[in-house]
file my_file_6.cif (mmCIF, C-alpha atoms)
data_structure
#
loop_
_atom_site.group_PDB
_atom_site.id
_atom_site.type_symbol
_atom_site.label_atom_id
_atom_site.label_comp_id
_atom_site.auth_asym_id
_atom_site.auth_seq_id
_atom_site.Cartn_x
_atom_site.Cartn_y
_atom_site.Cartn_z
ATOM 1 C CA MET A 1 -12.335 -4.504 21.896
ATOM 2 C CA SER A 2 -12.293 -8.229 21.223
ATOM 3 C CA ASP A 3 -11.590 -7.934 17.488
ATOM 4 C CA ASP A 4 -8.544 -5.706 17.936
ATOM 5 C CA ILE A 5 -5.508 -7.149 16.160
ATOM 6 C CA LYS A 6 -2.151 -7.529 17.897
ATOM 7 C CA MET A 7 0.691 -6.704 15.520
ATOM 8 C CA PRO A 8 4.289 -7.217 16.660
ATOM 9 C CA VAL A 9 6.715 -5.175 14.520
ATOM 10 C CA GLU A 10 9.758 -7.306 13.676
ATOM 11 C CA GLY A 11 12.985 -6.454 11.875
ATOM 12 C CA SER A 12 12.884 -9.452 9.544
ATOM 13 C CA HIS A 13 9.320 -8.632 8.491
ATOM 14 C CA ILE A 14 10.337 -5.030 7.703
ATOM 15 C CA MET A 15 13.321 -6.330 5.679
ATOM 16 C CA MET A 16 11.119 -8.704 3.657
ATOM 17 C CA PHE A 17 8.536 -5.995 3.080
ATOM 18 C CA ALA A 18 11.154 -3.475 1.872
ATOM 19 C CA ARG A 19 12.592 -6.125 -0.489
ATOM 20 C CA SER A 20 9.144 -6.788 -1.934
ATOM 21 C CA VAL A 21 8.731 -3.139 -2.956
ATOM 22 C CA GLY A 22 12.282 -3.133 -4.328
ATOM 23 C CA ASP A 23 13.526 -0.627 -1.745
ATOM 24 C CA GLU A 24 17.173 -1.234 -0.863
ATOM 25 C CA ASN A 25 17.440 1.698 1.553
ATOM 26 C CA PRO A 26 19.609 0.374 4.442
ATOM 27 C CA ILE A 27 17.399 2.084 7.046
ATOM 28 C CA TYR A 28 15.004 -0.836 6.537
ATOM 29 C CA HIS A 29 17.498 -3.595 7.370
ATOM 30 C CA ASP A 30 20.882 -2.324 8.662
ATOM 31 C CA GLU A 31 20.813 -1.468 12.354
ATOM 32 C CA GLU A 32 24.318 0.032 12.396
ATOM 33 C CA TYR A 33 23.494 2.325 9.487
ATOM 34 C CA ALA A 34 20.114 3.218 11.023
ATOM 35 C CA LYS A 35 21.847 4.423 14.201
ATOM 36 C CA THR A 36 23.682 7.057 12.173
ATOM 37 C CA THR A 37 20.473 8.550 10.720
ATOM 38 C CA GLU A 38 18.251 11.330 12.036
ATOM 39 C CA VAL A 39 15.642 8.801 13.233
ATOM 40 C CA GLY A 40 18.328 6.665 14.911
ATOM 41 C CA HIS A 41 16.759 3.231 14.428
ATOM 42 C CA ILE A 42 15.367 0.884 11.809
ATOM 43 C CA ILE A 43 11.987 2.130 10.553
ATOM 44 C CA ALA A 44 9.322 0.588 8.331
ATOM 45 C CA PRO A 45 8.490 1.701 4.783
ATOM 46 C CA PRO A 46 5.421 3.978 4.623
ATOM 47 C CA THR A 47 2.998 1.325 3.368
ATOM 48 C CA PHE A 48 4.135 -1.398 5.800
ATOM 49 C CA PRO A 49 1.204 -0.919 8.226
ATOM 50 C CA ARG A 50 -1.193 -2.688 5.837
ATOM 51 C CA SER A 51 0.754 -5.915 6.378
ATOM 52 C CA VAL A 52 -1.322 -6.095 9.559
ATOM 53 C CA ALA A 53 -3.200 -8.597 7.360
ATOM 54 C CA GLN A 54 -0.583 -11.171 8.467
ATOM 55 C CA PHE A 55 -1.808 -10.869 12.049
ATOM 56 C CA ASP A 56 -5.556 -10.831 11.424
ATOM 57 C CA PRO A 57 -6.725 -14.344 12.333
ATOM 58 C CA GLU A 58 -9.824 -13.954 10.151
ATOM 59 C CA TYR A 59 -8.125 -12.400 7.096
ATOM 60 C CA PHE A 60 -10.008 -13.818 4.094
ATOM 61 C CA LEU A 61 -7.220 -13.449 1.519
ATOM 62 C CA ARG A 62 -4.986 -16.074 3.118
ATOM 63 C CA TRP A 63 -5.125 -19.760 2.216
ATOM 64 C CA ARG A 64 -5.656 -22.085 5.190
ATOM 65 C CA PRO A 65 -5.597 -25.878 5.449
ATOM 66 C CA SER A 66 -8.986 -27.572 5.355
ATOM 67 C CA GLN A 67 -10.851 -24.487 4.226
ATOM 68 C CA GLU A 68 -12.305 -23.768 0.805
ATOM 69 C CA TRP A 69 -9.972 -21.465 -1.151
ATOM 70 C CA PHE A 70 -10.983 -19.654 -4.305
ATOM 71 C CA GLY A 71 -7.603 -19.917 -6.072
ATOM 72 C CA SER A 72 -6.610 -22.715 -8.454
ATOM 73 C CA GLY A 73 -5.536 -26.276 -7.658
ATOM 74 C CA LYS A 74 -6.725 -29.060 -9.947
ATOM 75 C CA ASN A 75 -9.287 -26.585 -11.246
ATOM 76 C CA PRO A 76 -9.080 -22.836 -11.918
ATOM 77 C CA THR A 77 -11.033 -22.289 -8.698
ATOM 78 C CA SER A 78 -12.209 -24.652 -6.017
ATOM 79 C CA VAL A 79 -15.251 -22.559 -5.193
ATOM 80 C CA THR A 80 -18.249 -24.360 -6.660
ATOM 81 C CA GLU A 81 -20.686 -21.554 -7.439
ATOM 82 C CA LYS A 82 -19.559 -19.158 -10.132
ATOM 83 C CA PRO A 83 -18.483 -15.864 -8.576
ATOM 84 C CA LYS A 84 -20.730 -13.031 -9.797
ATOM 85 C CA SER A 85 -17.964 -10.454 -9.604
ATOM 86 C CA SER A 86 -14.212 -10.451 -9.604
ATOM 87 C CA GLY A 87 -14.358 -9.699 -5.898
ATOM 88 C CA GLY A 88 -12.863 -6.707 -4.238
ATOM 89 C CA LEU A 89 -10.237 -4.284 -5.443
ATOM 90 C CA HIS A 90 -8.433 -1.594 -3.531
ATOM 91 C CA ALA A 91 -9.632 1.888 -4.540
ATOM 92 C CA GLU A 92 -7.909 4.258 -2.107
ATOM 93 C CA GLN A 93 -5.453 4.171 0.765
ATOM 94 C CA HIS A 94 -4.461 6.986 3.134
ATOM 95 C CA PHE A 95 -2.002 6.975 6.028
ATOM 96 C CA GLU A 96 -1.260 9.503 8.752
ATOM 97 C CA TYR A 97 2.004 8.981 10.629
ATOM 98 C CA HIS A 98 2.263 10.232 14.192
ATOM 99 C CA ARG A 99 5.649 8.595 14.741
ATOM 100 C CA GLN A 100 7.888 6.079 12.937
ATOM 101 C CA LEU A 101 7.517 2.360 13.630
ATOM 102 C CA LYS A 102 10.486 0.445 15.016
ATOM 103 C CA PRO A 103 11.281 -3.236 15.550
ATOM 104 C CA GLY A 104 9.995 -4.267 18.967
ATOM 105 C CA ASP A 105 6.824 -2.187 18.825
ATOM 106 C CA GLN A 106 3.750 -4.103 19.957
ATOM 107 C CA LEU A 107 0.844 -2.540 18.114
ATOM 108 C CA THR A 108 -2.832 -2.917 18.782
ATOM 109 C CA VAL A 109 -4.866 -2.258 15.677
ATOM 110 C CA THR A 110 -8.481 -1.238 16.059
ATOM 111 C CA VAL A 111 -10.652 -1.607 12.983
ATOM 112 C CA LYS A 112 -13.594 0.723 12.542
ATOM 113 C CA PRO A 113 -16.105 0.560 9.702
ATOM 114 C CA GLY A 114 -16.485 3.763 7.684
ATOM 115 C CA LYS A 115 -18.920 4.914 5.027
ATOM 116 C CA THR A 116 -20.377 2.862 2.167
ATOM 117 C CA TRP A 117 -21.426 4.336 -1.174
ATOM 118 C CA GLU A 118 -22.215 3.296 -4.768
ATOM 119 C CA LYS A 119 -21.300 4.544 -8.198
ATOM 120 C CA GLU A 120 -22.044 3.432 -11.751
ATOM 121 C CA SER A 121 -19.031 2.766 -14.021
ATOM 122 C CA LYS A 122 -18.784 2.051 -17.761
ATOM 123 C CA ARG A 123 -15.793 -0.272 -17.297
ATOM 124 C CA ALA A 124 -17.056 -2.480 -14.451
ATOM 125 C CA GLY A 125 -20.795 -1.911 -13.850
ATOM 126 C CA LYS A 126 -22.091 -1.024 -10.420
ATOM 127 C CA LEU A 127 -19.311 -0.195 -7.954
ATOM 128 C CA THR A 128 -19.823 -0.548 -4.210
ATOM 129 C CA PHE A 129 -17.265 1.327 -2.123
ATOM 130 C CA THR A 130 -16.588 0.519 1.538
ATOM 131 C CA GLU A 131 -14.327 2.496 3.819
ATOM 132 C CA THR A 132 -12.321 0.978 6.697
ATOM 133 C CA ILE A 133 -10.451 2.955 9.344
ATOM 134 C CA GLN A 134 -7.586 1.313 11.232
ATOM 135 C CA GLU A 135 -5.957 2.920 14.260
ATOM 136 C CA TYR A 136 -2.538 1.660 15.332
ATOM 137 C CA HIS A 137 -1.691 2.210 18.994
ATOM 138 C CA ASP A 138 1.675 1.272 20.496
ATOM 139 C CA GLN A 139 2.580 -0.517 23.747
ATOM 140 C CA ASP A 140 2.158 2.780 25.635
ATOM 141 C CA GLY A 141 -1.304 3.397 24.223
ATOM 142 C CA GLU A 142 -0.071 6.194 21.941
ATOM 143 C CA LEU A 143 -1.651 6.572 18.502
ATOM 144 C CA VAL A 144 1.132 5.842 15.992
ATOM 145 C CA ILE A 145 -0.639 5.494 12.643
ATOM 146 C CA THR A 146 -4.107 6.109 11.277
ATOM 147 C CA SER A 147 -5.047 4.276 8.090
ATOM 148 C CA ARG A 148 -8.109 4.774 5.907
ATOM 149 C CA GLY A 149 -8.689 2.274 3.137
ATOM 150 C CA VAL A 150 -11.434 2.185 0.534
ATOM 151 C CA GLY A 151 -12.311 -1.125 -1.088
ATOM 152 C CA VAL A 152 -14.509 -1.487 -4.153
ATOM 153 C CA LYS A 153 -16.585 -4.441 -5.296
ATOM 154 C CA THR A 154 -17.210 -4.432 -9.023
ATOM 155 C CA GLU A 155 -20.260 -5.922 -10.731
ATOM 156 C CA ARG A 156 -17.986 -7.452 -13.395
ATOM 157 C CA PRO A 157 -14.234 -7.584 -14.134
ATOM 158 C CA VAL A 158 -12.767 -4.210 -15.093
ATOM 159 C CA ASP A 159 -12.817 -3.796 -18.888
ATOM 160 C CA GLN A 160 -9.216 -3.457 -20.123
ATOM 161 C CA SER A 161 -9.951 -1.868 -23.515
ATOM 162 C CA MET B 1 19.344 14.424 2.731
ATOM 163 C CA ALA B 2 16.241 16.077 4.054
ATOM 164 C CA LEU B 3 14.638 18.833 2.035
ATOM 165 C CA ASN B 4 15.129 22.438 2.994
ATOM 166 C CA ALA B 5 12.123 24.792 2.957
ATOM 167 C CA SER B 6 14.169 27.684 1.592
ATOM 168 C CA ASN B 7 15.183 25.647 -1.478
ATOM 169 C CA LEU B 8 11.684 24.431 -2.335
ATOM 170 C CA ASN B 9 9.442 26.136 -4.854
ATOM 171 C CA GLU B 10 5.926 25.459 -6.008
ATOM 172 C CA GLY B 11 6.107 23.313 -9.116
ATOM 173 C CA ASP B 12 9.434 21.632 -8.271
ATOM 174 C CA VAL B 13 9.405 18.057 -9.548
ATOM 175 C CA HIS B 14 11.189 14.895 -8.428
ATOM 176 C CA GLU B 15 10.667 11.713 -10.429
ATOM 177 C CA GLU B 16 12.051 8.180 -10.466
ATOM 178 C CA VAL B 17 11.520 4.964 -12.364
ATOM 179 C CA VAL B 18 10.331 2.796 -9.459
ATOM 180 C CA VAL B 19 10.079 -0.489 -11.348
ATOM 181 C CA ASP B 20 11.358 -1.548 -14.753
ATOM 182 C CA ASP B 21 9.628 -4.588 -16.326
ATOM 183 C CA LEU B 22 7.597 -5.662 -13.281
ATOM 184 C CA THR B 23 7.968 -9.408 -12.660
ATOM 185 C CA ARG B 24 5.475 -11.970 -11.420
ATOM 186 C CA THR B 25 8.116 -12.918 -8.869
ATOM 187 C CA GLN B 26 7.837 -9.463 -7.313
ATOM 188 C CA LEU B 27 4.064 -9.964 -7.021
ATOM 189 C CA VAL B 28 4.741 -13.229 -5.156
ATOM 190 C CA MET B 29 7.252 -11.438 -2.900
ATOM 191 C CA TYR B 30 4.726 -8.712 -2.154
ATOM 192 C CA SER B 31 2.030 -11.282 -1.346
ATOM 193 C CA GLY B 32 4.364 -13.066 1.061
ATOM 194 C CA ALA B 33 5.479 -9.914 2.841
ATOM 195 C CA SER B 34 2.131 -8.123 3.031
ATOM 196 C CA GLY B 35 -0.036 -11.148 3.756
ATOM 197 C CA ASP B 36 -2.395 -10.354 0.863
ATOM 198 C CA TYR B 37 -2.514 -13.737 -0.899
ATOM 199 C CA ASN B 38 -5.377 -12.862 -3.252
ATOM 200 C CA PRO B 39 -4.994 -15.242 -6.264
ATOM 201 C CA LEU B 40 -5.697 -12.233 -8.527
ATOM 202 C CA HIS B 41 -2.032 -11.322 -7.924
ATOM 203 C CA THR B 42 -0.308 -14.721 -8.146
ATOM 204 C CA ASP B 43 -2.541 -17.246 -9.876
ATOM 205 C CA ASP B 44 -2.751 -16.880 -13.668
ATOM 206 C CA LEU B 45 -5.068 -19.868 -14.110
ATOM 207 C CA TYR B 46 -7.557 -18.433 -11.616
ATOM 208 C CA CYS B 47 -7.365 -14.978 -13.234
ATOM 209 C CA LYS B 48 -7.942 -16.229 -16.765
ATOM 210 C CA GLU B 49 -10.450 -18.997 -16.215
ATOM 211 C CA ALA B 50 -12.344 -18.005 -13.085
ATOM 212 C CA ALA B 51 -12.026 -14.241 -12.594
ATOM 213 C CA GLY B 52 -12.201 -12.982 -16.177
ATOM 214 C CA TYR B 53 -8.898 -11.089 -16.229
ATOM 215 C CA PRO B 54 -6.120 -11.502 -18.845
ATOM 216 C CA GLY B 55 -3.741 -12.630 -16.107
ATOM 217 C CA VAL B 56 -2.324 -11.681 -12.727
ATOM 218 C CA PHE B 57 -1.967 -7.997 -11.876
ATOM 219 C CA ALA B 58 -0.245 -6.073 -9.098
ATOM 220 C CA HIS B 59 -1.692 -5.367 -5.659
ATOM 221 C CA GLY B 60 -2.809 -1.744 -5.423
ATOM 222 C CA MET B 61 -0.650 -1.603 -2.319
ATOM 223 C CA LEU B 62 2.393 -2.625 -4.380
ATOM 224 C CA SER B 63 1.823 0.389 -6.670
ATOM 225 C CA MET B 64 1.542 2.524 -3.538
ATOM 226 C CA GLY B 65 4.677 0.915 -2.045
ATOM 227 C CA LEU B 66 6.653 1.591 -5.236
ATOM 228 C CA THR B 67 5.425 5.192 -5.281
ATOM 229 C CA GLY B 68 6.366 5.437 -1.595
ATOM 230 C CA LYS B 69 9.955 4.481 -2.436
ATOM 231 C CA MET B 70 10.255 7.561 -4.664
ATOM 232 C CA LEU B 71 8.606 9.641 -1.944
ATOM 233 C CA THR B 72 10.958 8.622 0.906
ATOM 234 C CA ASN B 73 13.973 8.958 -1.415
ATOM 235 C CA TYR B 74 12.842 12.541 -2.040
ATOM 236 C CA VAL B 75 11.735 13.756 1.415
ATOM 237 C CA GLY B 76 14.144 11.662 3.497
ATOM 238 C CA ASP B 77 13.633 8.883 6.031
ATOM 239 C CA GLY B 78 11.101 9.373 8.800
ATOM 240 C CA ARG B 79 9.835 12.693 7.401
ATOM 241 C CA LEU B 80 6.384 11.699 6.136
ATOM 242 C CA LYS B 81 3.340 12.972 8.019
ATOM 243 C CA LYS B 82 0.666 11.973 5.510
ATOM 244 C CA TYR B 83 0.570 9.796 2.419
ATOM 245 C CA GLY B 84 -2.584 8.914 0.492
ATOM 246 C CA VAL B 85 -3.443 7.595 -2.977
ATOM 247 C CA ARG B 86 -6.214 6.551 -5.308
ATOM 248 C CA PHE B 87 -5.633 3.593 -7.614
ATOM 249 C CA THR B 88 -6.743 4.690 -11.063
ATOM 250 C CA ASN B 89 -5.608 1.805 -13.270
ATOM 251 C CA GLN B 90 -4.308 -1.704 -12.787
ATOM 252 C CA VAL B 91 -0.595 -2.503 -13.029
ATOM 253 C CA TRP B 92 0.505 -5.581 -14.991
ATOM 254 C CA PRO B 93 3.634 -7.754 -15.210
ATOM 255 C CA GLY B 94 6.000 -6.137 -17.699
ATOM 256 C CA ASP B 95 4.973 -2.606 -16.716
ATOM 257 C CA THR B 96 7.567 0.094 -16.120
ATOM 258 C CA LEU B 97 6.380 2.722 -13.665
ATOM 259 C CA THR B 98 7.583 6.273 -13.149
ATOM 260 C CA ALA B 99 6.557 7.999 -9.922
ATOM 261 C CA LYS B 100 6.521 11.797 -9.740
ATOM 262 C CA ALA B 101 6.159 14.238 -6.846
ATOM 263 C CA THR B 102 5.343 17.913 -7.473
ATOM 264 C CA VAL B 103 5.641 20.597 -4.792
ATOM 265 C CA VAL B 104 2.262 22.238 -4.135
ATOM 266 C CA GLU B 105 3.043 24.360 -1.091
ATOM 267 C CA VAL B 106 5.566 24.895 1.691
ATOM 268 C CA ARG B 107 3.845 25.976 4.926
ATOM 269 C CA ASP B 108 3.959 25.918 8.741
ATOM 270 C CA GLU B 109 2.209 23.167 10.659
ATOM 271 C CA GLY B 110 2.383 22.809 14.434
ATOM 272 C CA GLY B 111 5.760 24.545 14.671
ATOM 273 C CA ASP B 112 7.259 22.569 11.768
ATOM 274 C CA LYS B 113 7.890 23.498 8.166
ATOM 275 C CA VAL B 114 6.110 21.054 5.906
ATOM 276 C CA VAL B 115 5.800 20.512 2.188
ATOM 277 C CA ASP B 116 2.599 19.374 0.472
ATOM 278 C CA LEU B 117 3.216 17.220 -2.572
ATOM 279 C CA LYS B 118 1.032 16.047 -5.414
ATOM 280 C CA LEU B 119 1.856 12.508 -6.581
ATOM 281 C CA GLU B 120 1.338 10.742 -9.862
ATOM 282 C CA THR B 121 2.635 7.392 -11.070
ATOM 283 C CA THR B 122 2.355 6.486 -14.730
ATOM 284 C CA ASN B 123 3.102 3.375 -16.777
ATOM 285 C CA GLN B 124 5.133 3.048 -19.983
ATOM 286 C CA ASP B 125 2.096 4.096 -22.063
ATOM 287 C CA GLY B 126 1.634 7.298 -20.065
ATOM 288 C CA LYS B 127 -1.464 5.935 -18.327
ATOM 289 C CA THR B 128 -1.873 7.115 -14.723
ATOM 290 C CA VAL B 129 -1.973 4.203 -12.257
ATOM 291 C CA VAL B 130 -1.711 6.095 -8.947
ATOM 292 C CA LEU B 131 -2.793 9.629 -8.010
ATOM 293 C CA GLY B 132 -2.131 10.946 -4.573
ATOM 294 C CA SER B 133 -0.782 13.485 -2.152
ATOM 295 C CA ALA B 134 1.666 13.608 0.722
ATOM 296 C CA THR B 135 2.831 15.950 3.447
ATOM 297 C CA ALA B 136 6.370 15.787 4.818
ATOM 298 C CA ARG B 137 8.358 17.691 7.410
ATOM 299 C CA VAL B 138 11.233 19.678 5.897
ATOM 300 C CA ASP B 139 14.151 21.581 7.434
ATOM 301 C CA PRO B 140 13.384 25.267 8.024
#

call {"tool": "encode", "arguments": {"input": "my_file_6.cif", "output": "structure tokens"}}
result
Amino acid sequence: MSDDIKMPVEGSHIMMFARSVGDENPIYHDEEYAKTTEVGHIIAPPTFPRSVAQFDPEYFLRWRPSQEWFGSGKNPTSVTEKPKSSGGLHAEQHFEYHRQLKPGDQLTVTVKPGKTWEKESKRAGKLTFTETIQEYHDQDGELVITSRGVGVKTERPVDQS
Amino acid sequence: MALNASNLNEGDVHEEVVVDDLTRTQLVMYSGASGDYNPLHTDDLYCKEAAGYPGVFAHGMLSMGLTGKMLTNYVGDGRLKKYGVRFTNQVWPGDTLTAKATVVEVRDEGGDKVVDLKLETTNQDGKTVVLGSATARVDP
């Protein structure tokens, strides 16, 4: 499929990702240590697969030169029309692991749309849920990880009281 | 370090403080590593004046990543078969989160012994921020 995403798995990316979740387990950065473990190589933390966002050329939550970006610069937002909602939030995330990732893997990630449904909420108005399935295949065509994410668009910012 | 089926009982609990006084810097680190640069997580001015939030808050996936750290510490490296969560409340800078796994069942699956776990992560006020479940391979 043309919109498949190619995701190379690299040791330095795994190290940075593990640091960002505060996980100092050496299996995420120390090759010598990793060799002594049951798995026998560096692996990625369980939620690492979602960093496929880095490799999605169209990913909308990444600033790019000469494109309108909704974050602040001179002004609180550079988008001219007032956004009706706070945009999307992440509602659910599920992973199934068929084997552990390792540096050097060349993944192909296929994105499949899932269900869409609505719900009424006291704290944020009408909620629109959208499901996305991602299948991660390795260089040998084997299914390595299945991911199911659910995003939610809220009618208004979530009430904090 | 892996768990042993014969030592596991329904209701066993493992819990860890997975972050103490969450910093905005960690939110920036998570954005950089994950590729999710949503200003809701790094840009206070945008949050307050454009998005209608009191300030930046954590990526749902950071809450799940922090909970995952407790999980892999408990079940051992490379043992997870399934891990899923729902995000039930937002996580804010300054929050201290405790992640807890509770044994639901030890059973056979495809020739392996596995444990099913119930997961819950709460903040310093006892509010649940993540609810989930996981399945991991354990030693027989």

call {"tool": "interface_residues", "arguments": {"input": "my_file_6.cif", "of": "chain B", "to": "chain A", "cutoff": "7 Å", "atoms": "all atoms listed in the file", "output": "PyMOL selection string"}}
result
chain B and resi 26+29-30+33-39+43+45-46+49-53+60+62+65-66+68-69+78+80-87

call {"tool": "resolve_selection", "arguments": {"input": "my_file_6.cif", "expression": "the PyMOL selection byres ((chain B and resi 136) around 9)", "output": "VMD selection string"}}
result
chain B and resid 75 to 76 78 to 83 113 to 117 134 to 135 137 to 138

call {"tool": "resolve_selection", "arguments": {"input": "my_file_6.cif", "expression": "the PyMOL selection byres ((chain A and resi 117) around 12)", "output": "PDB file with C-alpha atoms, in the frame of the given file"}}
result
ATOM      1  CA  GLY A 114     -16.485   3.763   7.684  1.00  0.00           C
ATOM      2  CA  LYS A 115     -18.920   4.914   5.027  1.00  0.00           C
ATOM      3  CA  THR A 116     -20.377   2.862   2.167  1.00  0.00           C
ATOM      4  CA  GLU A 118     -22.215   3.296  -4.768  1.00  0.00           C
ATOM      5  CA  LYS A 119     -21.300   4.544  -8.198  1.00  0.00           C
ATOM      6  CA  GLU A 120     -22.044   3.432 -11.751  1.00  0.00           C
ATOM      7  CA  LYS A 126     -22.091  -1.024 -10.420  1.00  0.00           C
ATOM      8  CA  LEU A 127     -19.311  -0.195  -7.954  1.00  0.00           C
ATOM      9  CA  THR A 128     -19.823  -0.548  -4.210  1.00  0.00           C
ATOM     10  CA  PHE A 129     -17.265   1.327  -2.123  1.00  0.00           C
ATOM     11  CA  THR A 130     -16.588   0.519   1.538  1.00  0.00           C
ATOM     12  CA  GLU A 131     -14.327   2.496   3.819  1.00  0.00           C
ATOM     13  CA  VAL A 150     -11.434   2.185   0.534  1.00  0.00           C
ATOM     14  CA  GLY A 151     -12.311  -1.125  -1.088  1.00  0.00           C
ATOM     15  CA  VAL A 152     -14.509  -1.487  -4.153  1.00  0.00           C
ATOM     16  CA  LYS A 153     -16.585  -4.441  -5.296  1.00  0.00           C
TER      17      LYS A 153
END

call {"tool": "residues_near_point", "arguments": {"input": "my_file_6.cif", "point": "(12.0, 4.9, -13.1)", "cutoff": "12 Å", "atoms": "only C-alpha atoms", "output": "VMD selection string"}}
result
(chain A and resid 22) or (chain B and resid 14 to 22 66 to 67 69 to 70 95 to 100 121 to 124)

call {"tool": "write_last_selection", "arguments": {"input": "my_file_6.cif", "atoms": "C-alpha atoms", "output": "PDB file, keeping the file's coordinate frame"}}
result
ATOM      1  CA  GLY A  22      12.282  -3.133  -4.328  1.00  0.00           C
TER       2      GLY A  22
ATOM      3  CA  HIS B  14      11.189  14.895  -8.428  1.00  0.00           C
ATOM      4  CA  GLU B  15      10.667  11.713 -10.429  1.00  0.00           C
ATOM      5  CA  GLU B  16      12.051   8.180 -10.466  1.00  0.00           C
ATOM      6  CA  VAL B  17      11.520   4.964 -12.364  1.00  0.00           C
ATOM      7  CA  VAL B  18      10.331   2.796  -9.459  1.00  0.00           C
ATOM      8  CA  VAL B  19      10.079  -0.489 -11.348  1.00  0.00           C
ATOM      9  CA  ASP B  20      11.358  -1.548 -14.753  1.00  0.00           C
ATOM     10  CA  ASP B  21       9.628  -4.588 -16.326  1.00  0.00           C
ATOM     11  CA  LEU B  22       7.597  -5.662 -13.281  1.00  0.00           C
ATOM     12  CA  LEU B  66       6.653   1.591  -5.236  1.00  0.00           C
ATOM     13  CA  THR B  67       5.425   5.192  -5.281  1.00  0.00           C
ATOM     14  CA  LYS B  69       9.955   4.481  -2.436  1.00  0.00           C
ATOM     15  CA  MET B  70      10.255   7.561  -4.664  1.00  0.00           C
ATOM     16  CA  ASP B  95       4.973  -2.606 -16.716  1.00  0.00           C
ATOM     17  CA  THR B  96       7.567   0.094 -16.120  1.00  0.00           C
ATOM     18  CA  LEU B  97       6.380   2.722 -13.665  1.00  0.00           C
ATOM     19  CA  THR B  98       7.583   6.273 -13.149  1.00  0.00           C
ATOM     20  CA  ALA B  99       6.557   7.999  -9.922  1.00  0.00           C
ATOM     21  CA  LYS B 100       6.521  11.797  -9.740  1.00  0.00           C
ATOM     22  CA  THR B 121       2.635   7.392 -11.070  1.00  0.00           C
ATOM     23  CA  THR B 122       2.355   6.486 -14.730  1.00  0.00           C
ATOM     24  CA  ASN B 123       3.102   3.375 -16.777  1.00  0.00           C
ATOM     25  CA  GLN B 124       5.133   3.048 -19.983  1.00  0.00           C
TER      26      GLN B 124
END

call {"tool": "closest_residue", "arguments": {"input": "my_file_6.cif", "among": "A:Glu68, A:Asp30, A:Thr110, A:Lys74", "to": "Val144 of chain A", "atoms": "all atoms listed in the file"}}
result
A:Thr110

call {"tool": "atom_distance", "arguments": {"input": "my_file_6.cif", "atom1": "atom CA of Asn73 of chain B", "atom2": "atom CA of Asn7 of chain B"}}
result
16.7 Å

call {"tool": "resolve_selection", "arguments": {"input": "my_file_6.cif", "expression": "the PyMOL selection byres ((chain B and resi 91) around 6)", "output": "list in words"}}
result
Phe57, Ala58, Gln90 and Trp92 of chain B

call {"tool": "atom_distance", "arguments": {"input": "my_file_6.cif", "atom1": "atom CA of Met61 of chain B", "atom2": "atom CA of Ala101 of chain B"}}
result
17.8 Å
